[in-house]
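Peer 1: Shown below is the structure under consideration.
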Protein chains: 6
Amino acid sequence: MNNQPRPSFKSPRFAQPATFMRLPHTDDLAGVDVAIVGVPYDGGTSYRPGARLGPREVRHQSSLIRTYNSFQKVAPFDRLNVADAGDVDPPPVSIEKAYDAIDARIGQIADAGARPIVVGGDHSITLPVLRALARRHGRLGLVQFDAHIDTWDEYFGGKYFHGTMFRRAIEEDLVDGRRFVQVGIRGPMYGEDDFDFHREHGITVIDIDQVKDRGVAWTID
Amino acid sequence: MNNQPRPSFKSPRFAQPATFMRLPHTDDLAGVDVAIVGVPYDGGTSYRPGARLGPREVRHQSSLIRTYNSFQKVAPFDRLNVADAGDVDPPPVSIEKAYDAIDARIGQIADAGARPIVVGGDHSITLPVLRALARRHGRLGLVQFDAHIDTWDEYFGGKYFHGTMFRRAIEEDLVDGRRFVQVGIRGPMYGEDDFDFHREHGITVIDIDQVKDRGVAWTID
Amino acid sequence: MNNQPRPSFKSPRFAQPATFMRLPHTDDLAGVDVAIVGVPYDGGTSYRPGARLGPREVRHQSSLIRTYNSFQKVAPFDRLNVADAGDVDPPPVSIEKAYDAIDARIGQIADAGARPIVVGGDHSITLPVLRALARRHGRLGLVQFDAHIDTWDEYFGGKYFHGTMFRRAIEEDLVDGRRFVQVGIRGPMYGEDDFDFHREHGITVIDIDQVKDRGVAWTID
Amino acid sequence: MNNQPRPSFKSPRFAQPATFMRLPHTDDLAGVDVAIVGVPYDGGTSYRPGARLGPREVRHQSSLIRTYNSFQKVAPFDRLNVADAGDVDPPPVSIEKAYDAIDARIGQIADAGARPIVVGGDHSITLPVLRALARRHGRLGLVQFDAHIDTWDEYFGGKYFHGTMFRRAIEEDLVDGRRFVQVGIRGPMYGEDDFDFHREHGITVIDIDQVKDRGVAWTID
Amino acid sequence: MNNQPRPSFKSPRFAQPATFMRLPHTDDLAGVDVAIVGVPYDGGTSYRPGARLGPREVRHQSSLIRTYNSFQKVAPFDRLNVADAGDVDPPPVSIEKAYDAIDARIGQIADAGARPIVVGGDHSITLPVLRALARRHGRLGLVQFDAHIDTWDEYFGGKYFHGTMFRRAIEEDLVDGRRFVQVGIRGPMYGEDDFDFHREHGITVIDIDQVKDRGVAWTID
Amino acid sequence: MNNQPRPSFKSPRFAQPATFMRLPHTDDLAGVDVAIVGVPYDGGTSYRPGARLGPREVRHQSSLIRTYNSFQKVAPFDRLNVADAGDVDPPPVSIEKAYDAIDARIGQIADAGARPIVVGGDHSITLPVLRALARRHGRLGLVQFDAHIDTWDEYFGGKYFHGTMFRRAIEEDLVDGRRFVQVGIRGPMYGEDDFDFHREHGITVIDIDQVKDRGVAWTID
């Protein structure tokens, strides 16, 4: 890996092949604390596709990065060695093969001792990420920030798409329902029984009205 | 009418000719409680036209609908028979003929026992809707959510455009000024005398600062 | 079916739920000569997705239709009964299930005695259309207008995507290579051996330079 | 009028309020040979509106102008005094009032001795331009470059819209059919009888195939 | 100057060459209280350029203006004579020459007794505006509403760009640091030493959290 | 350098940080025959800026590359070792410093034995490329494909912008006018004397009409 673990400011923002937050791009994760990895997959989308182009666009927009948070007085890249680990290569025409590719690459990153930050891609990619991490760390706790609960059962006969992955994660014993909190849930549902699965597994929902009424501090508690 | 009065989920969201909220499209209003009808007319616009394409775009975007509100625990399509009643066919080059077409079609819907929900189109289409309803129900009360008061008198010599229809509605005795509330008024006006008509007819204005300061509950009262 | 088999001009172009060329939308194909059917599927795409929204957009844009070709002095809708047969409902997350849905619906149309005109969707949908028709009519001849040959073997381990369907069609004995002509082929390839399959199966290629040099009349011959 | 009758190059192209081809903007037409005038009206449109914003956009894009044609070795602004005469002010909600405003302004320009070049707006504005000019010069000859014949009779009961103005121009005796040539006609029609009016009035059509086959020189003859 | 100092409503909003808020465009500032002047310059931009087209677009969008603020009961154009003074002509390829052109034009406006309101352009243009005003009025106080502090020292060896102008303004003694308040500062910085310059010169920062927590009234105090 | 000198097809087209034609990105030019280098500079633009984002966008769009030209039966990447050499880092706010950075980097590439292919950026960047190459190879011949002659003298007092670089190239003795051919010149000019410089220096112009009339083969001769 490059000796320069911080975002590079020697080039203008718009110059050079874009990486996440202008960080060095590397396949060698030795000494890397945090690996930002793209998952350009949108085959689990039920309406408008295109999220496969998400990692590319996030690389571009994040070239606006600066490195110091003056409110919290913290400079993350001084404390942690962060790198752009490139993208997973998910075959776009098969969700099962895409899941295998994601699972394998997240596993490599975890085995190298780095924490992955994953840039999608549609929501369905969360399941293979949880698979890779649960296999190494055991059943996980999970905090999900989302409008939708994404615990439906299936979609036109398919078990895997961007609205089912958290049901699968509970069924596959990857996530502990009692340590699973969904924050910000809002918008229309299909019916009251959409929440049966939550009651059965002890999943906590903090909907958007609660967040607004009680504030961010209460939500964090 | 189709025996399936609820939005259809047998097709993916992006499939089939788009209807309002994936509801059945029908010309037969027997048994329909609520008829959603498009009014693709923008000939009353004083600046940027294009709202004639509004009903088509609303049909597309509303294919994202789900049917249950988990905050209010209500599933409107279980309680009411709702349909897409198609569009009025307003001739785009004459506001008077467009008004007649709108008035006639809204009247048909009301006579069939359905309540119309109208998707425009520019604001000027409100006048023929009020004409059709007032002819059947007598002078109406009205709650208007808007940035603009839309009670000006005329525009380049024309009595009908998207800024005059509520003055016309009072003058034509369609709306009772004392039961007419305008909520959310904001932005620049032409002068203090813009409100003379309100004072004369007892129209209530709750401007946006009042809504923000006193809250939604007070506004509803 | 509606008694009015021609495009409807009683509404302005921008009004009413959009259908292909403003034709009547019907599920009942009795007496229909030509059924225009949408296949909103793009799960076989190797680069930019979005063609699943193609049938909707074609419905919109085709509202500009007029019905008489003054060069050829022909009014197709006077000679043939043409209808918008709606869309196939292909599940977006599985190409195999999508293929089955397409095959079944094209078969229904053919069995009803109508000729299908298919509006995609990505190119991969051609295979199940050919399957449905070859099962009924035997091995088919085919004229393909395209930039790409789309006879590659596989893509990241998948046999089905938008670059392999004509190889599959030959392998599945749906198309007779000696009666298969590809017109307009252009742009870069991967290597000279891309054409081995053509030589083996007697497929004819008329590339874009030949079309330009020799003219349209020669190409038709 | 400004003493500088040529486009101004003292400012960068993107600076200063935009005028047609960076020409001086003036209401005083004394000594002006050619007056470029905008007609921001689109109330005669049968499908997508927005042409009312045309003159503004043409002013912007034409700031790319340079003044010498090296092929024809001519510098038009050296030979003729050309000015941006501003826009007509057509009320957007009434085609009859818009026609009157256009007719009056084109008449003023003609009376001042300038030749008008009109930037629309939709095609319907041609009729009042022809009215103003025919009143002064008698029955006119006309060469029309267009895809459509625009000699239909009416549209949803209206005599004036962007597909009828050349029929009106013949009926109102503004244009001599025998000196009226339509060049470039193409695209679908409604029927062979669309040309009855042409035969009756001796209008010449040179369709796009003729232009392509016989060349520009033949067309000019 | 034109005798009509108020925005003109005799034309529809979309008609006539666009000026700031539909005000008269004049080069003659006699009797003008407030001159709105465009500075179409973006050569000081470190990321996405295009602000040189800002004055043109602001002219367009501001044609939506109405003239009376009903909340504050004030009609500014009745109290003050306001005009569109056109644009400065900054050469786009040299920031030093652009600065000279801006300084000169703002000076002319000030000398004519008008107060300039400047529409950019990128932030770097603030420096020559301050130069012109400080030369006439002495060291200035300044209230800056911004996300960024813009007091960095240099950028790839250049002293002038859109992140350094307030440091230059202090160094050139144009602004009194103790009467310089920055309101709304937010977003990431490069390090805590970004604020050393503020401490040295007594610049006050009210960051966005303070504005939100304490309210607008406190901020104004 | 990477051992894989050909475009990489192991990832889907939309995956991984984008490089020119999916080639390996390297700073080490040993053994590289052709170095594709971006020059993200648009400070020489006289109208609409944004070309500084050109190299990024070309990297994205060129991920559609395939490697074999079946018309010419050539696979360039089999014959030549081609790499993405990254971008020059031109400071955006000074054309002189940008020119120095471009000159230096093109010189490095030439000294490493690679031929540079330069992706801009605006046209003004051609001058420092010619400087770097002429210093090494002596006075150059040049074939320019362009609409504009770009041999004007200055622009608002500046010698360097995107319309003057070929005059500078002749004046600095970088290019031999008698071996300088401009192909495709079209569009308006400022006057006949725009070509005086061509006559003086023996520059050949083949305008677009000649290319169309005589064909591509004659033009190559």
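Ordered as shown in the structure tokens, chains take letters A, B, and onward, while each chain numbers its residues from 1 and ligands are numbered from 1 in the order shown.
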Please provide as a PyMOL selection string all residues within 12 Å of E:His198, with the sequence filter that same-chain residues fewer than 4 positions apart are discarded (counting only C-alpha atoms).

Peer 2: chain E and resi 149-152+166-167+170+176-182+192-194+202-205

Peer 1: Any chance you could export the current selection's C-alpha atoms as a tab-separated table (two decimals), in the first residue's frame?

Peer 2:
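To be explicit, this is the file written out as again19.tsv:
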```tsv
chain	number	residue	atom	x	y	z
E	149	ILE	CA	-14.64	30.63	6.01
E	150	ASP	CA	-12.77	31.47	2.78
E	151	THR	CA	-9.73	32.73	4.64
E	152	TRP	CA	-7.25	30.16	3.37
E	166	PHE	CA	-11.27	37.30	3.00
E	167	ARG	CA	-7.68	36.70	4.09
E	170	ILE	CA	-7.74	41.62	5.92
E	176	ASP	CA	-11.62	45.39	10.04
E	177	GLY	CA	-11.37	41.90	11.55
E	178	ARG	CA	-13.08	43.04	14.76
E	179	ARG	CA	-16.13	44.14	12.77
E	180	PHE	CA	-16.13	40.98	10.59
E	181	VAL	CA	-18.77	38.37	11.44
E	182	GLN	CA	-19.11	35.04	9.63
E	192	GLU	CA	-8.08	23.35	13.75
E	193	ASP	CA	-5.38	25.78	12.56
E	194	ASP	CA	-7.81	26.96	9.86
E	202	GLY	CA	-10.57	39.01	16.02
E	203	ILE	CA	-12.97	37.62	13.43
E	204	THR	CA	-16.27	36.37	14.91
E	205	VAL	CA	-17.69	33.01	13.75
```

Peer 1: DSSP on the backbone: what in stretch 47-214 of chain F comes out alpha helix (DSSP H), as a VMD selection string?

Peer 2: chain F and resid 54 to 61 76 to 79 95 to 111 126 to 137 165 to 171 196 to 201 208 to 214

Peer 1: With 9 Å as the limit and counting only C-alpha atoms, what residues in chain F lie close to chain A? Please list them as a list of chain:residue names.

Peer 2: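 The contacting residues on chain F are F:Lys10, F:Ser11, F:Pro12, F:Phe14, F:Ala15, F:Gln16, F:Pro17, F:Ala18, F:Thr19, F:His25, F:Gly38, F:Val39, F:Pro40, F:Arg52, F:Leu53, F:Pro55, F:Arg56, F:Arg59, F:His60, F:Gly86, F:Asp87, F:Val88, F:Asp89, F:Pro90, F:Pro91, F:Pro92.
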
Peer 1: How many Å separate atom CA of A:Arg115 from atom CA of A:His137?

Peer 2: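 For atom CA of A:Arg115 relative to atom CA of A:His137, the distance reads 12.4 Å.
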
Peer 1: What does the distance between atom CA of E:Val58 and atom CA of E:Thr126 come to in Å, to one decimal place?

Peer 2: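 The value is 17.9 Å.
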
Peer 1: Just want the 10 Å neighbourhood of F:Ile95, counted on only C-alpha atoms, with same-chain residues fewer than 6 positions away dropped. Output as a PyMOL selection string.

Peer 2: (chain E and resi 93-94) or (chain F and resi 41-44+101+124-125+160-161)

Peer 1: With N, CA and C atoms retained, write the just-selected residues as a compact mmCIF listing (two decimals), in the first residue's frame.

Peer 2:
```
# COMPACT_ATOMS: atom_id res chain seq x y z
N VAL E 93 -10.08 34.79 -18.78
CA VAL E 93 -8.85 34.01 -18.67
C VAL E 93 -7.77 34.63 -17.77
N SER E 94 -8.09 35.70 -17.04
CA SER E 94 -7.10 36.28 -16.13
C SER E 94 -7.80 36.85 -14.91
N TYR F 41 -8.40 20.87 -17.73
CA TYR F 41 -8.24 22.33 -17.66
C TYR F 41 -9.23 23.00 -18.59
N ASP F 42 -9.97 24.01 -18.09
CA ASP F 42 -10.90 24.73 -18.98
C ASP F 42 -10.81 26.24 -18.77
N GLY F 43 -9.70 26.68 -18.22
CA GLY F 43 -9.54 28.11 -17.94
C GLY F 43 -9.33 28.96 -19.19
N GLY F 44 -9.20 28.33 -20.36
CA GLY F 44 -9.03 29.08 -21.60
C GLY F 44 -10.31 29.24 -22.39
N ALA F 101 2.59 23.12 -16.09
CA ALA F 101 2.34 21.76 -15.58
C ALA F 101 2.11 20.78 -16.73
N SER F 124 -7.20 25.18 -25.53
CA SER F 124 -6.00 25.96 -25.23
C SER F 124 -4.84 25.09 -24.77
N ILE F 125 -5.13 23.88 -24.32
CA ILE F 125 -4.06 23.02 -23.80
C ILE F 125 -3.15 22.48 -24.88
N TYR F 160 -3.29 33.98 -24.36
CA TYR F 160 -3.56 32.55 -24.27
C TYR F 160 -5.03 32.30 -23.97
N PHE F 161 -5.73 31.69 -24.88
CA PHE F 161 -7.06 31.17 -24.61
C PHE F 161 -7.37 30.17 -25.72
```

Peer 1: Which distance in Å separates atom CA of A:Asp27 and atom CA of A:Ala83, to one decimal?

Peer 2: 9.2 Å

Peer 1: Show which residues sit within 8 Å of stretch 104-110 of chain D, as a tab-separated table (two decimals) with all heavy atoms, in the first residue's frame. Count only C-alpha atoms, and ignore same-chain residues fewer than 5 positions away.

Peer 2:
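Result saved to result_34.tsv:
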```tsv
chain	number	residue	atom	x	y	z
D	29	LEU	N	-37.06	52.14	-34.34
D	29	LEU	CA	-36.67	51.42	-35.55
D	29	LEU	C	-36.22	52.34	-36.69
D	29	LEU	O	-36.00	51.87	-37.80
D	29	LEU	CB	-37.84	50.55	-36.01
D	29	LEU	CG	-38.23	49.46	-35.01
D	29	LEU	CD1	-39.43	48.68	-35.52
D	29	LEU	CD2	-37.06	48.52	-34.77
D	35	ALA	N	-35.46	44.01	-38.39
D	35	ALA	CA	-35.78	43.98	-36.97
D	35	ALA	C	-36.07	42.53	-36.57
D	35	ALA	O	-37.01	41.92	-37.07
D	35	ALA	CB	-37.01	44.85	-36.68
D	88	VAL	N	-42.89	40.90	-28.94
D	88	VAL	CA	-44.31	41.17	-28.84
D	88	VAL	C	-44.75	40.72	-27.44
D	88	VAL	O	-44.12	39.85	-26.83
D	88	VAL	CB	-45.08	40.38	-29.93
D	88	VAL	CG1	-46.58	40.58	-29.80
D	88	VAL	CG2	-44.60	40.79	-31.32
D	115	ARG	N	-37.65	45.14	-42.19
D	115	ARG	CA	-38.16	43.80	-42.45
D	115	ARG	C	-38.11	43.00	-41.15
D	115	ARG	O	-37.07	42.94	-40.52
D	115	ARG	CB	-37.31	43.09	-43.50
D	115	ARG	CG	-37.57	43.58	-44.90
D	115	ARG	CD	-36.47	43.14	-45.86
D	115	ARG	NE	-36.62	43.86	-47.10
D	115	ARG	CZ	-37.26	43.37	-48.17
D	115	ARG	NH1	-37.78	42.15	-48.15
D	115	ARG	NH2	-37.38	44.09	-49.27
D	116	PRO	N	-39.22	42.40	-40.77
D	116	PRO	CA	-39.20	41.63	-39.53
D	116	PRO	C	-38.66	40.21	-39.75
D	116	PRO	O	-39.01	39.56	-40.73
D	116	PRO	CB	-40.68	41.57	-39.12
D	116	PRO	CG	-41.42	41.70	-40.41
D	116	PRO	CD	-40.57	42.51	-41.35
D	129	VAL	N	-48.75	37.28	-38.43
D	129	VAL	CA	-47.65	37.90	-39.18
D	129	VAL	C	-48.06	38.09	-40.63
D	129	VAL	O	-47.88	39.17	-41.22
D	129	VAL	CB	-46.37	37.03	-39.08
D	129	VAL	CG1	-45.26	37.58	-39.98
D	129	VAL	CG2	-45.89	36.95	-37.63
D	132	ALA	N	-50.60	40.96	-40.99
D	132	ALA	CA	-50.00	42.31	-40.97
D	132	ALA	C	-49.33	42.62	-42.30
D	132	ALA	O	-49.45	43.73	-42.82
D	132	ALA	CB	-49.00	42.40	-39.81
D	133	LEU	N	-48.63	41.63	-42.86
D	133	LEU	CA	-47.88	41.90	-44.09
D	133	LEU	C	-48.80	41.97	-45.31
D	133	LEU	O	-48.60	42.81	-46.20
D	133	LEU	CB	-46.80	40.84	-44.28
D	133	LEU	CG	-45.73	40.82	-43.18
D	133	LEU	CD1	-44.72	39.72	-43.43
D	133	LEU	CD2	-45.02	42.19	-43.08
```

Peer 1: Which residues, written as a short mmCIF file (atom, residue, chain, number, x, y, z; two decimals) with N, CA, C and O atoms, in the first residue's frame, have at least one atom at most 9 Å from C:Leu130, with only C-alpha atoms counted and residues fewer than 2 positions away on the same chain left out?

Peer 2:
```cif
data_model
loop_
_atom_site.label_atom_id
_atom_site.label_comp_id
_atom_site.auth_asym_id
_atom_site.auth_seq_id
_atom_site.Cartn_x
_atom_site.Cartn_y
_atom_site.Cartn_z
N ASP C 103 -42.41 -16.03 -22.47
CA ASP C 103 -42.74 -17.17 -23.32
C ASP C 103 -44.25 -17.47 -23.24
O ASP C 103 -44.94 -17.59 -24.27
N THR C 126 -35.49 -11.34 -26.44
CA THR C 126 -35.76 -11.96 -27.74
C THR C 126 -35.84 -13.47 -27.62
O THR C 126 -36.62 -14.11 -28.34
N LEU C 127 -35.04 -14.06 -26.75
CA LEU C 127 -34.98 -15.53 -26.68
C LEU C 127 -36.34 -16.15 -26.33
O LEU C 127 -36.82 -17.02 -27.06
N PRO C 128 -37.01 -15.73 -25.23
CA PRO C 128 -38.30 -16.36 -24.94
C PRO C 128 -39.37 -16.05 -25.99
O PRO C 128 -40.30 -16.85 -26.18
N ALA C 132 -41.37 -19.14 -27.84
CA ALA C 132 -42.83 -19.27 -27.96
C ALA C 132 -43.24 -19.46 -29.42
O ALA C 132 -44.11 -20.28 -29.73
N LEU C 133 -42.58 -18.73 -30.31
CA LEU C 133 -42.99 -18.81 -31.72
C LEU C 133 -42.48 -20.08 -32.39
O LEU C 133 -43.19 -20.70 -33.20
N ALA C 134 -41.25 -20.52 -32.07
CA ALA C 134 -40.71 -21.73 -32.70
C ALA C 134 -41.49 -22.97 -32.26
O ALA C 134 -41.67 -23.91 -33.02
N ARG C 135 -41.96 -22.96 -31.01
CA ARG C 135 -42.74 -24.10 -30.53
C ARG C 135 -44.01 -24.27 -31.38
O ARG C 135 -44.49 -25.37 -31.59
N LEU C 140 -37.33 -21.10 -37.13
CA LEU C 140 -37.67 -19.81 -37.72
C LEU C 140 -36.52 -19.26 -38.56
O LEU C 140 -35.35 -19.55 -38.30
N ALA C 169 -30.46 -19.24 -29.27
CA ALA C 169 -31.55 -19.53 -30.21
C ALA C 169 -31.13 -20.57 -31.24
O ALA C 169 -31.94 -21.43 -31.64
N LEU C 174 -34.14 -23.02 -32.35
CA LEU C 174 -35.28 -22.15 -32.59
C LEU C 174 -35.16 -21.42 -33.92
O LEU C 174 -36.16 -21.10 -34.56
N VAL C 175 -33.90 -21.15 -34.33
CA VAL C 175 -33.65 -20.37 -35.53
C VAL C 175 -32.73 -21.18 -36.44
O VAL C 175 -31.80 -21.84 -35.97
#
```

Peer 1: Pick out each residue of stretch 10-209 of chain F that DSSP on the backbone tags as strand (DSSP E or B); I need them as a VMD selection string.

Peer 2: chain F and resid 25 34 to 39 68 to 69 74 82 to 87 115 to 120 140 to 145 155 158 175 to 185 189 204 to 207
